[in-house]
$ cat structure-v9.pdb   # PDB, C-alpha atoms
ATOM      1  CA  MET A 765       3.717   7.279  -7.909
ATOM      2  CA  PHE A 766       7.411   6.678  -7.232
ATOM      3  CA  ASP A 767       8.433  10.327  -7.570
ATOM      4  CA  LYS A 768      10.136  10.954  -4.266
ATOM      5  CA  ILE A 769      11.733   8.028  -2.506
ATOM      6  CA  LEU A 770      12.801   7.827   1.125
ATOM      7  CA  TYR A 771      15.709   5.435   1.470
ATOM      8  CA  PRO A 772      16.707   4.855   5.116
ATOM      9  CA  THR A 773      20.089   3.150   5.373
ATOM     10  CA  ASP A 774      22.372   1.846   8.088
ATOM     11  CA  PHE A 775      24.948   0.964   5.374
ATOM     12  CA  SER A 776      24.376  -2.772   5.916
ATOM     13  CA  ASP A 777      24.483  -5.310   3.076
ATOM     14  CA  VAL A 778      20.684  -5.452   2.945
ATOM     15  CA  ALA A 779      20.440  -1.657   2.812
ATOM     16  CA  ASN A 780      22.916  -1.662  -0.083
ATOM     17  CA  LYS A 781      20.865  -4.324  -1.839
ATOM     18  CA  ALA A 782      17.805  -2.104  -1.363
ATOM     19  CA  MET A 783      19.651   0.701  -3.154
ATOM     20  CA  ASN A 784      19.641  -1.375  -6.340
ATOM     21  CA  TYR A 785      15.861  -1.323  -6.238
ATOM     22  CA  VAL A 786      15.833   2.438  -5.734
ATOM     23  CA  THR A 787      18.017   2.733  -8.819
ATOM     24  CA  LYS A 788      15.759   0.509 -10.879
ATOM     25  CA  LEU A 789      12.738   2.637 -10.018
ATOM     26  CA  LYS A 790      14.219   5.518 -12.004
ATOM     27  CA  GLU A 791      12.678   3.962 -15.098
ATOM     28  CA  ALA A 792       9.270   4.047 -13.410
ATOM     29  CA  GLY A 793       9.499   7.768 -12.771
ATOM     30  CA  ALA A 794      11.503   8.114  -9.547
ATOM     31  CA  LYS A 795      13.197  11.506  -9.528
ATOM     32  CA  GLU A 796      14.328  12.392  -6.049
ATOM     33  CA  VAL A 797      15.878  10.287  -3.300
ATOM     34  CA  ILE A 798      16.067  11.326   0.338
ATOM     35  CA  VAL A 799      18.834   9.218   1.856
ATOM     36  CA  LEU A 800      18.404   9.016   5.615
ATOM     37  CA  HIS A 801      20.798   7.662   8.186
ATOM     38  CA  VAL A 802      19.833   7.733  11.854
ATOM     39  CA  ILE A 803      22.513   7.698  14.515
ATOM     40  CA  ASP A 804      20.806   5.870  17.343
ATOM     41  CA  GLU A 805      20.915   8.170  20.357
ATOM     42  CA  ARG A 806      20.626   5.180  22.645
ATOM     43  CA  ALA A 807      23.872   3.743  21.268
ATOM     44  CA  ILE A 808      25.533   7.121  21.671
ATOM     45  CA  GLY A 809      24.279   7.220  25.250
ATOM     46  CA  ASP A 810      25.904   3.832  25.872
ATOM     47  CA  ILE A 811      29.177   4.987  24.379
ATOM     48  CA  CYS A 812      29.215   8.087  26.562
ATOM     49  CA  LEU A 813      28.471   5.962  29.601
ATOM     50  CA  LEU A 814      31.130   3.367  28.798
ATOM     51  CA  TYR A 815      33.881   5.677  27.669
ATOM     52  CA  ALA A 816      33.182   8.772  29.747
ATOM     53  CA  SER A 817      36.761   8.866  30.889
ATOM     54  CA  LYS A 818      38.257   8.124  27.497
ATOM     55  CA  GLY A 819      36.995  10.909  25.305
ATOM     56  CA  SER A 820      33.414  10.056  24.350
ATOM     57  CA  VAL A 821      32.934  13.387  22.564
ATOM     58  CA  GLU A 822      35.762  12.436  20.250
ATOM     59  CA  MET A 823      34.179   9.018  19.623
ATOM     60  CA  VAL A 824      30.803  10.518  18.745
ATOM     61  CA  ARG A 825      32.537  12.925  16.390
ATOM     62  CA  ARG A 826      34.197   9.994  14.657
ATOM     63  CA  ILE A 827      30.889   8.138  14.327
ATOM     64  CA  GLU A 828      29.394  11.178  12.626
ATOM     65  CA  GLU A 829      32.383  11.607  10.347
ATOM     66  CA  GLU A 830      32.244   7.963   9.329
ATOM     67  CA  ALA A 831      28.498   8.248   8.682
ATOM     68  CA  TRP A 832      29.015  11.274   6.440
ATOM     69  CA  ARG A 833      31.698   9.442   4.484
ATOM     70  CA  GLU A 834      29.307   6.545   3.851
ATOM     71  CA  MET A 835      26.510   8.971   2.986
ATOM     72  CA  ASP A 836      28.651  10.766   0.453
ATOM     73  CA  ASN A 837      29.356   7.446  -1.284
ATOM     74  CA  VAL A 838      25.662   6.609  -1.430
ATOM     75  CA  GLY A 839      24.886  10.125  -2.661
ATOM     76  CA  ALA A 840      27.528   9.971  -5.374
ATOM     77  CA  ARG A 841      26.221   6.667  -6.650
ATOM     78  CA  LEU A 842      22.616   7.843  -6.785
ATOM     79  CA  ARG A 843      23.532  11.140  -8.451
ATOM     80  CA  GLN A 844      25.459   9.179 -11.049
ATOM     81  CA  GLU A 845      22.201   7.359 -11.821
ATOM     82  CA  GLY A 846      20.579  10.712 -12.504
ATOM     83  CA  PHE A 847      18.668  11.198  -9.268
ATOM     84  CA  GLU A 848      18.206  14.417  -7.411
ATOM     85  CA  VAL A 849      19.615  13.455  -4.004
ATOM     86  CA  ARG A 850      19.363  14.830  -0.495
ATOM     87  CA  LEU A 851      21.399  13.367   2.347
ATOM     88  CA  ARG A 852      20.100  13.586   5.908
ATOM     89  CA  ILE A 853      21.759  12.354   9.066
ATOM     90  CA  GLU A 854      19.544  12.564  12.111
ATOM     91  CA  LYS A 855      20.156  11.632  15.732
ATOM     92  CA  GLY A 856      17.425   9.917  17.689
ATOM     93  CA  ILE A 857      15.403   6.725  17.733
ATOM     94  CA  PRO A 858      15.543   5.244  14.197
ATOM     95  CA  LEU A 859      11.806   4.454  13.968
ATOM     96  CA  SER A 860      10.689   7.924  15.087
ATOM     97  CA  GLN A 861      13.173   9.694  12.854
ATOM     98  CA  ILE A 862      12.211   7.672   9.776
ATOM     99  CA  LEU A 863       8.514   8.383  10.321
ATOM    100  CA  ARG A 864       9.197  12.060  11.033
ATOM    101  CA  VAL A 865      11.197  12.487   7.816
ATOM    102  CA  GLU A 866       8.538  10.555   5.854
ATOM    103  CA  GLN A 867       5.929  13.068   7.042
ATOM    104  CA  GLU A 868       8.144  16.095   6.648
ATOM    105  CA  GLU A 869       9.183  15.237   3.108
ATOM    106  CA  GLY A 870       5.844  13.876   1.913
ATOM    107  CA  VAL A 871       7.535  10.941   0.187
ATOM    108  CA  SER A 872       5.760   8.726  -2.328
ATOM    109  CA  LEU A 873       7.573   5.501  -1.418
ATOM    110  CA  ILE A 874       9.918   4.120   1.233
ATOM    111  CA  VAL A 875      12.530   1.566   0.136
ATOM    112  CA  ILE A 876      14.024  -0.298   3.084
ATOM    113  CA  GLY A 877      16.051  -3.421   3.843
ATOM    114  CA  SER A 878      14.318  -6.103   5.883
ATOM    115  CA  HIS A 879      17.104  -6.177   8.462
ATOM    116  CA  GLY A 880      19.569  -3.770   9.996
ATOM    117  CA  LYS A 881      23.143  -4.353  11.066
ATOM    118  CA  SER A 882      22.121  -5.040  14.631
ATOM    119  CA  ASN A 883      19.574  -7.754  13.821
ATOM    120  CA  VAL A 884      20.386 -11.355  14.605
ATOM    121  CA  GLU A 885      20.506 -13.913  11.847
ATOM    122  CA  GLU A 886      17.384 -15.769  12.982
ATOM    123  CA  MET A 887      14.938 -12.875  12.851
ATOM    124  CA  LEU A 888      12.473 -13.018   9.984
ATOM    125  CA  LEU A 889      12.185  -9.256   9.948
ATOM    126  CA  GLY A 890      14.197  -6.579  11.721
ATOM    127  CA  SER A 891      12.331  -4.660  14.400
ATOM    128  CA  VAL A 892      12.832  -1.185  12.902
ATOM    129  CA  SER A 893      11.702  -2.312   9.453
ATOM    130  CA  GLU A 894       8.717  -4.102  10.928
ATOM    131  CA  LYS A 895       7.563  -1.010  12.789
ATOM    132  CA  VAL A 896       8.139   1.280   9.808
ATOM    133  CA  ILE A 897       6.007  -1.057   7.667
ATOM    134  CA  ARG A 898       3.219  -0.901  10.240
ATOM    135  CA  LYS A 899       3.268   2.813  10.817
ATOM    136  CA  SER A 900       4.264   4.468   7.552
ATOM    137  CA  GLY A 901       1.562   6.120   5.506
ATOM    138  CA  ALA A 902       3.501   5.753   2.258
ATOM    139  CA  PRO A 903       3.789   2.464   0.382
ATOM    140  CA  ILE A 904       6.930   0.599   1.296
ATOM    141  CA  LEU A 905       9.196  -1.703  -0.663
ATOM    142  CA  VAL A 906      10.906  -4.199   1.629
ATOM    143  CA  VAL A 907      14.039  -5.835   0.234
ATOM    144  CA  LYS A 908      14.933  -9.138   1.893
ATOM    145  CA  ARG A 909      18.471 -10.215   2.773
TER
ATOM    146  CA  MET B 690      14.464  -7.025 -10.921
ATOM    147  CA  PHE B 691      10.707  -6.529 -11.301
ATOM    148  CA  ASP B 692      10.280  -9.050 -14.136
ATOM    149  CA  LYS B 693       7.677 -11.351 -12.711
ATOM    150  CA  ILE B 694       5.240  -9.952 -10.181
ATOM    151  CA  LEU B 695       3.023 -11.899  -7.814
ATOM    152  CA  TYR B 696      -0.100  -9.900  -7.066
ATOM    153  CA  PRO B 697      -2.307 -11.542  -4.436
ATOM    154  CA  THR B 698      -5.763  -9.974  -4.322
ATOM    155  CA  ASP B 699      -8.948 -10.328  -2.330
ATOM    156  CA  PHE B 700     -10.557  -7.683  -4.595
ATOM    157  CA  SER B 701     -10.644  -5.177  -1.715
ATOM    158  CA  ASP B 702     -10.096  -1.446  -2.233
ATOM    159  CA  VAL B 703      -6.514  -1.701  -0.988
ATOM    160  CA  ALA B 704      -5.810  -4.604  -3.324
ATOM    161  CA  ASN B 705      -7.167  -2.535  -6.218
ATOM    162  CA  LYS B 706      -4.974   0.369  -5.173
ATOM    163  CA  ALA B 707      -1.997  -2.014  -5.165
ATOM    164  CA  MET B 708      -2.812  -2.893  -8.785
ATOM    165  CA  ASN B 709      -1.988   0.699  -9.783
ATOM    166  CA  TYR B 710       1.528   0.121  -8.497
ATOM    167  CA  VAL B 711       1.828  -3.116 -10.431
ATOM    168  CA  THR B 712       0.844  -1.205 -13.542
ATOM    169  CA  LYS B 713       3.379   1.539 -12.907
ATOM    170  CA  LEU B 714       6.176  -1.025 -12.593
ATOM    171  CA  LYS B 715       5.782  -1.871 -16.269
ATOM    172  CA  GLU B 716       8.065   1.059 -17.031
ATOM    173  CA  ALA B 717      10.714  -0.463 -14.731
ATOM    174  CA  GLY B 718      10.727  -3.739 -16.637
ATOM    175  CA  ALA B 719       7.815  -5.731 -15.210
ATOM    176  CA  LYS B 720       6.602  -8.190 -17.844
ATOM    177  CA  GLU B 721       4.504 -10.888 -16.273
ATOM    178  CA  VAL B 722       1.905 -10.739 -13.514
ATOM    179  CA  ILE B 723       0.645 -13.757 -11.614
ATOM    180  CA  VAL B 724      -2.702 -12.709 -10.139
ATOM    181  CA  LEU B 725      -3.571 -14.899  -7.174
ATOM    182  CA  HIS B 726      -6.828 -15.135  -5.300
ATOM    183  CA  VAL B 727      -7.136 -17.533  -2.409
ATOM    184  CA  ILE B 728     -10.531 -18.821  -1.378
ATOM    185  CA  ASP B 729     -10.100 -19.334   2.349
ATOM    186  CA  GLU B 730     -10.932 -22.959   3.060
ATOM    187  CA  ARG B 731     -11.782 -22.054   6.637
ATOM    188  CA  ALA B 732     -14.505 -19.703   5.437
ATOM    189  CA  ILE B 733     -15.814 -22.401   3.111
ATOM    190  CA  GLY B 734     -15.805 -24.801   6.037
ATOM    191  CA  ASP B 735     -17.925 -22.353   8.010
ATOM    192  CA  ILE B 736     -20.363 -21.956   5.147
ATOM    193  CA  CYS B 737     -20.745 -25.694   4.782
ATOM    194  CA  LEU B 738     -21.322 -25.991   8.506
ATOM    195  CA  LEU B 739     -23.840 -23.168   8.650
ATOM    196  CA  TYR B 740     -25.750 -23.950   5.512
ATOM    197  CA  ALA B 741     -25.421 -27.714   5.325
ATOM    198  CA  SER B 742     -29.131 -28.081   4.892
ATOM    199  CA  LYS B 743     -29.504 -25.247   2.407
ATOM    200  CA  GLY B 744     -27.253 -26.218  -0.441
ATOM    201  CA  SER B 745     -23.717 -25.392   0.596
ATOM    202  CA  VAL B 746     -22.280 -26.936  -2.560
ATOM    203  CA  GLU B 747     -24.271 -24.456  -4.573
ATOM    204  CA  MET B 748     -22.981 -21.602  -2.395
ATOM    205  CA  VAL B 749     -19.358 -22.622  -2.818
ATOM    206  CA  ARG B 750     -19.895 -22.845  -6.559
ATOM    207  CA  ARG B 751     -21.240 -19.307  -6.550
ATOM    208  CA  ILE B 752     -18.255 -18.046  -4.558
ATOM    209  CA  GLU B 753     -15.930 -19.557  -7.142
ATOM    210  CA  GLU B 754     -17.921 -18.133 -10.027
ATOM    211  CA  GLU B 755     -17.859 -14.680  -8.468
ATOM    212  CA  ALA B 756     -14.110 -14.958  -7.864
ATOM    213  CA  TRP B 757     -13.503 -15.887 -11.503
ATOM    214  CA  ARG B 758     -15.581 -12.948 -12.663
ATOM    215  CA  GLU B 759     -13.469 -10.587 -10.546
ATOM    216  CA  MET B 760     -10.272 -12.282 -11.722
ATOM    217  CA  ASP B 761     -11.248 -11.876 -15.352
ATOM    218  CA  ASN B 762     -11.701  -8.144 -14.812
ATOM    219  CA  VAL B 763      -8.292  -7.841 -13.170
ATOM    220  CA  GLY B 764      -6.739  -9.929 -15.938
ATOM    221  CA  ALA B 765      -8.330  -7.829 -18.676
ATOM    222  CA  ARG B 766      -7.084  -4.615 -17.128
ATOM    223  CA  LEU B 767      -3.515  -5.880 -16.753
ATOM    224  CA  ARG B 768      -3.438  -7.334 -20.272
ATOM    225  CA  GLN B 769      -4.602  -3.990 -21.572
ATOM    226  CA  GLU B 770      -1.515  -2.483 -19.924
ATOM    227  CA  GLY B 771       0.618  -4.874 -21.943
ATOM    228  CA  PHE B 772       1.388  -7.468 -19.275
ATOM    229  CA  GLU B 773       1.574 -11.175 -19.768
ATOM    230  CA  VAL B 774      -0.991 -12.340 -17.202
ATOM    231  CA  ARG B 775      -1.747 -15.596 -15.450
ATOM    232  CA  LEU B 776      -4.782 -15.948 -13.188
ATOM    233  CA  ARG B 777      -4.728 -18.445 -10.339
ATOM    234  CA  ILE B 778      -7.478 -19.211  -7.876
ATOM    235  CA  GLU B 779      -6.391 -21.517  -5.076
ATOM    236  CA  LYS B 780      -8.287 -22.930  -2.120
ATOM    237  CA  GLY B 781      -6.582 -23.111   1.250
ATOM    238  CA  ILE B 782      -5.072 -20.875   3.907
ATOM    239  CA  PRO B 783      -4.187 -17.550   2.240
ATOM    240  CA  LEU B 784      -0.711 -17.241   3.796
ATOM    241  CA  SER B 785       0.370 -20.765   2.838
ATOM    242  CA  GLN B 786      -1.005 -20.486  -0.661
ATOM    243  CA  ILE B 787       0.676 -17.140  -1.311
ATOM    244  CA  LEU B 788       4.048 -18.477  -0.130
ATOM    245  CA  ARG B 789       3.589 -21.691  -2.109
ATOM    246  CA  VAL B 790       2.838 -19.819  -5.335
ATOM    247  CA  GLU B 791       5.744 -17.436  -4.673
ATOM    248  CA  GLN B 792       8.096 -20.437  -4.507
ATOM    249  CA  GLU B 793       6.502 -22.293  -7.378
ATOM    250  CA  GLU B 794       6.614 -19.336  -9.731
ATOM    251  CA  GLY B 795       9.980 -17.922  -8.643
ATOM    252  CA  VAL B 796       8.624 -14.385  -8.651
ATOM    253  CA  SER B 797      10.870 -11.322  -8.497
ATOM    254  CA  LEU B 798       8.481  -9.157  -6.474
ATOM    255  CA  ILE B 799       5.236  -9.400  -4.504
ATOM    256  CA  VAL B 800       2.859  -6.436  -4.592
ATOM    257  CA  ILE B 801       0.267  -6.606  -1.847
ATOM    258  CA  GLY B 802      -2.255  -4.411  -0.050
ATOM    259  CA  SER B 803      -1.610  -3.756   3.625
ATOM    260  CA  HIS B 804      -5.076  -4.953   4.612
ATOM    261  CA  GLY B 805      -7.599  -7.465   3.413
ATOM    262  CA  LYS B 806     -11.380  -7.235   3.346
ATOM    263  CA  SER B 807     -11.685  -8.993   6.670
ATOM    264  CA  ASN B 808      -9.345  -6.685   8.595
ATOM    265  CA  VAL B 809     -10.822  -4.254  11.087
ATOM    266  CA  GLU B 810     -10.293  -0.542  10.667
ATOM    267  CA  GLU B 811      -7.977  -0.193  13.664
ATOM    268  CA  MET B 812      -5.308  -2.670  12.592
ATOM    269  CA  LEU B 813      -2.058  -1.072  11.443
ATOM    270  CA  LEU B 814      -1.340  -4.030   9.210
ATOM    271  CA  GLY B 815      -3.494  -6.965   8.174
ATOM    272  CA  SER B 816      -2.410 -10.331   9.511
ATOM    273  CA  VAL B 817      -1.983 -12.079   6.151
ATOM    274  CA  SER B 818       0.092  -9.211   4.746
ATOM    275  CA  GLU B 819       2.192  -9.081   7.891
ATOM    276  CA  LYS B 820       3.009 -12.771   7.711
ATOM    277  CA  VAL B 821       3.726 -12.672   3.984
ATOM    278  CA  ILE B 822       6.157  -9.779   4.577
ATOM    279  CA  ARG B 823       7.933 -11.809   7.254
ATOM    280  CA  LYS B 824       8.128 -15.055   5.376
ATOM    281  CA  SER B 825       8.478 -14.230   1.688
ATOM    282  CA  GLY B 826      11.879 -14.590   0.103
ATOM    283  CA  ALA B 827      11.108 -12.079  -2.645
ATOM    284  CA  PRO B 828      11.063  -8.326  -2.057
ATOM    285  CA  ILE B 829       7.616  -7.053  -1.313
ATOM    286  CA  LEU B 830       5.858  -3.792  -2.054
ATOM    287  CA  VAL B 831       3.209  -3.038   0.556
ATOM    288  CA  VAL B 832       0.544  -0.536  -0.486
ATOM    289  CA  LYS B 833      -1.237   1.135   2.423
ATOM    290  CA  ARG B 834      -4.963   1.877   2.532
TER
END

$ encode --input "structure-v9.pdb" --output "structure tokens"
Amino acid sequence: MFDKILYPTDFSDVANKAMNYVTKLKEAGAKEVIVLHVIDERAIGDICLLYASKGSVEMVRRIEEEAWREMDNVGARLRQEGFEVRLRIEKGIPLSQILRVEQEEGVSLIVIGSHGKSNVEEMLLGSVSEKVIRKSGAPILVVKR
Amino acid sequence: MFDKILYPTDFSDVANKAMNYVTKLKEAGAKEVIVLHVIDERAIGDICLLYASKGSVEMVRRIEEEAWREMDNVGARLRQEGFEVRLRIEKGIPLSQILRVEQEEGVSLIVIGSHGKSNVEEMLLGSVSEKVIRKSGAPILVVKR
């Protein structure tokens, strides 16, 4: 029932808080965690537009490197808890990528933070999380900030 | 982390499916389940309006009796799983009552079905569930139909 968990993260505080819940689910039978980080292609597009003259390729490379560093930390922590872990970084629109990976991996549960880094303080629910909740087929555990 | 679960139910198929997840969380430390059923006061109002001449008091009494019968079944099943169970039937607006009980009981998790009995097939997410997800302070596990 909680066998294979999809844990999308943007490395925000709420996403880290959500990881504690992933960890706790080990006792209820969770075995495998797919950690997913999506590099928003729209943000990359903006960077390329803004910094075209100042080495945007280099900037994108650094974003990816930084993302992999964060992913490795998350992976190490989850492996330490005894999980089988797979790390995936995808480029695209976060909502579409999360739903694509959910389908592809046939996950039993999604664990997600209620807000992402880019969400303003006042929002009751971040827009990506809200849409994932609506559209996912799998049950979804939403951890509030 | 999953100590005290609030499980709102309208006895629909999705709510029953959600109960399986409640049960599974026992292994992750869940001890107590507050089962909550809200009798929608707006629906009662409609009944009283429609059947004023045909014994609406009697009808409301029957609705409550039926709800208690369903609640007792849910309670028996959860007790059998080893949970400490409390059954609460409240009258009012479902959203407000769920949030009130969440606060009152200081629950660690809400487990809820994505749709209620009254939701049409096409909706991606039932309106009560959607609002509870937005407004709850506790993490919330949404079980899809």

$ atom_distance --input "structure-v9.pdb" --atom1 "CA of Asp836 in chain A" --atom2 "CA of Leu851 in chain A"
7.9 Å

$ residues_around --input "structure-v9.pdb" --residues "range 807-821 of chain A" --least-positions-apart "4" --cutoff "12 Å" --atoms "all atoms listed in the file" --output "count of residues only"
11

$ residues_around --input "structure-v9.pdb" --residues "Val849 in chain A" --least-positions-apart "6" --cutoff "10 Å" --atoms "all atoms listed in the file" --output "short mmCIF file (atom, residue, chain, number, x, y, z; two decimals) with C-alpha atoms, in the coordinates of the input"
data_model
loop_
_atom_site.label_atom_id
_atom_site.label_comp_id
_atom_site.auth_asym_id
_atom_site.auth_seq_id
_atom_site.Cartn_x
_atom_site.Cartn_y
_atom_site.Cartn_z
CA LYS A 768 10.14 10.95 -4.27
CA ILE A 769 11.73 8.03 -2.51
CA LYS A 795 13.20 11.51 -9.53
CA GLU A 796 14.33 12.39 -6.05
CA VAL A 797 15.88 10.29 -3.30
CA ILE A 798 16.07 11.33 0.34
CA VAL A 799 18.83 9.22 1.86
CA VAL A 838 25.66 6.61 -1.43
CA GLY A 839 24.89 10.12 -2.66
CA ALA A 840 27.53 9.97 -5.37
CA ARG A 841 26.22 6.67 -6.65
CA LEU A 842 22.62 7.84 -6.78
CA ARG A 843 23.53 11.14 -8.45
#

$ interface_residues --input "structure-v9.pdb" --of "chain A" --to "chain B" --cutoff "7 Å" --atoms "only C-alpha atoms" --output "list in words"
Lys788, Leu789, Glu791, Ala792, Leu888, Leu889, Arg898, Lys899, Gly901, Ala902, Pro903, Ile904, Leu905, Val906, Val907 and Lys908 of chain A

$ atom_distance --input "structure-v9.pdb" --atom1 "CA of Glu869 in chain A" --atom2 "CA of Val786 in chain A"
16.9 Å

$ atom_distance --input "structure-v9.pdb" --atom1 "CA of Ser776 in chain A" --atom2 "CA of His801 in chain A"
11.3 Å

$ resolve_selection --input "structure-v9.pdb" --expression "the PyMOL selection byres ((chain B and resi 805) around 9)" --output "list in words"
Thr698, Asp699, Phe700, Ser701, Asp702, Val703, Ala704, Gly802, Ser803, His804, Lys806, Ser807, Asn808, Val809, Gly815, Ser816, Val817 and Ser818 of chain B

$ closest_residue --input "structure-v9.pdb" --among "A:Glu829, A:Phe847, A:Met783, A:Ala794" --to "Val871 in chain A" --atoms "all atoms listed in the file"
A:Ala794

$ axis_aligned_box --input "structure-v9.pdb" --around "range 846-855 of chain A" --padding-each-side "3 Å" --output "JSON"
{"center_x": 20.0, "center_y": 12.8, "center_z": 1.6, "size_x": 9.6, "size_y": 10.1, "size_z": 34.2}

$ residues_near_point --input "structure-v9.pdb" --point "(14.5, 6.5, 9.0)" --cutoff "8 Å" --atoms "all atoms listed in the file" --output "PyMOL selection string"
chain A and resi 771-773+800-802+858-866
